[in-house]
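Trainee: Let me give you the structure first, and then I'll get to my questions.
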Amino acid sequence: MNNKDFLEQLILKVNPDLDDAGLEMMVSDAEPVLEEWVFTNIVSTLNESQRAELIKLTDNKEYKSWKAYEFLSTAIPHYEDFIKKVYEDFEKMYKENVKAFSK
């Protein structure tokens, strides 16, 4: 699932009556936050040399996302479980923030 689909589903869970325009606005506001969340979690898991390697892979004109995935899936043990938890934690944090702000 890509980030946009993930966010659309999450936002509609919290705001089921949201119209299309409101959903699109909320997704575009939340997308950079999610990207930062995922990136921060990944980078904090890597050691210094792994971070340098990831930067080298992604800071290249010929960047291919599958190369980054291939690298991360070997650098981070149980990468699929790790990334699933990152998204689950984001969802939990998002729901808690919505609840706190709606009081």
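Going through the structure tokens in order, the chains are called A, B, and so on, while each chain numbers its residues from 1 and the ligands are numbered from 1 in the order shown.
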Got a sec to tell me which of chain A DSSP assigns to helix (DSSP H, G or I), as a compact mmCIF listing (two decimals) with C-alpha atoms, in the first residue's frame?
Mentor:
```txt
# COMPACT_ATOMS: atom_id res chain seq x y z
CA ASN A 3 1.33 6.37 1.61
CA LYS A 4 -1.63 8.13 0.00
CA ASP A 5 -3.86 5.04 0.21
CA PHE A 6 -2.75 4.41 3.78
CA LEU A 7 -3.58 7.99 4.77
CA GLU A 8 -6.93 8.00 2.99
CA GLN A 9 -7.99 4.87 4.88
CA LEU A 10 -6.70 6.21 8.19
CA ILE A 11 -8.32 9.62 7.83
CA LEU A 12 -11.65 8.08 6.81
CA LYS A 13 -11.54 5.82 9.89
CA VAL A 14 -11.29 8.91 12.06
CA ASP A 20 -13.63 14.32 -1.13
CA ALA A 21 -12.18 17.83 -0.99
CA GLY A 22 -11.65 17.63 2.77
CA LEU A 23 -10.08 14.19 2.47
CA GLU A 24 -7.70 15.35 -0.24
CA MET A 25 -6.67 18.37 1.84
CA MET A 26 -6.07 16.26 4.96
CA VAL A 27 -4.09 13.66 3.01
CA SER A 28 -1.86 16.34 1.47
CA ASP A 29 -1.30 17.87 4.94
CA ALA A 30 -0.52 14.49 6.53
CA GLU A 31 1.65 13.03 3.78
CA PRO A 32 4.86 14.96 4.64
CA VAL A 33 4.34 14.10 8.32
CA LEU A 34 4.07 10.40 7.49
CA GLU A 35 7.13 10.53 5.24
CA GLU A 36 9.14 12.21 7.99
CA TRP A 37 7.87 9.65 10.52
CA VAL A 38 8.92 6.71 8.34
CA PHE A 39 12.27 8.27 7.43
CA THR A 40 13.09 9.11 11.05
CA ASN A 41 12.27 5.59 12.21
CA ILE A 42 14.38 4.04 9.46
CA VAL A 43 17.36 6.33 9.96
CA SER A 44 17.34 5.91 13.73
CA THR A 45 17.58 2.13 13.24
CA GLU A 48 26.39 5.51 10.73
CA SER A 49 27.84 3.54 7.83
CA GLN A 50 24.40 2.22 6.87
CA ARG A 51 23.03 5.77 6.89
CA ALA A 52 25.83 6.85 4.59
CA GLU A 53 25.06 3.95 2.25
CA LEU A 54 21.35 4.80 2.20
CA ILE A 55 22.12 8.43 1.40
CA LYS A 56 24.44 7.34 -1.38
CA LEU A 57 21.70 5.11 -2.81
CA THR A 58 18.96 7.72 -2.65
CA SER A 65 13.32 2.67 -5.00
CA TRP A 66 13.81 -1.09 -5.25
CA LYS A 67 17.52 -0.60 -4.56
CA ALA A 68 16.72 1.27 -1.34
CA TYR A 69 14.20 -1.42 -0.41
CA GLU A 70 16.75 -4.14 -1.15
CA PHE A 71 19.32 -2.37 1.02
CA LEU A 72 16.91 -1.71 3.90
CA SER A 73 15.56 -5.24 3.88
CA THR A 74 19.08 -6.52 4.50
CA ALA A 75 20.21 -3.72 6.85
CA TYR A 79 12.31 -5.26 7.73
CA GLU A 80 8.73 -6.08 6.72
CA ASP A 81 7.67 -6.42 10.37
CA PHE A 82 9.65 -3.30 11.26
CA ILE A 83 7.99 -1.13 8.60
CA LYS A 84 4.54 -2.52 9.43
CA LYS A 85 5.06 -1.46 13.05
CA VAL A 86 6.21 2.01 11.94
CA TYR A 87 2.91 2.50 10.10
CA GLU A 88 0.90 1.03 12.99
CA ASP A 89 2.61 3.41 15.40
CA PHE A 90 1.86 6.34 13.10
CA GLU A 91 -1.79 5.33 12.97
CA LYS A 92 -1.95 5.13 16.76
CA MET A 93 -0.27 8.52 17.14
CA TYR A 94 -2.57 10.07 14.53
CA LYS A 95 -5.70 8.77 16.23
CA GLU A 96 -4.49 9.95 19.65
CA ASN A 97 -3.79 13.44 18.27
CA VAL A 98 -7.18 13.67 16.59
CA LYS A 99 -8.85 12.60 19.83
CA ALA A 100 -6.86 15.13 21.87
CA PHE A 101 -7.66 18.00 19.49
```
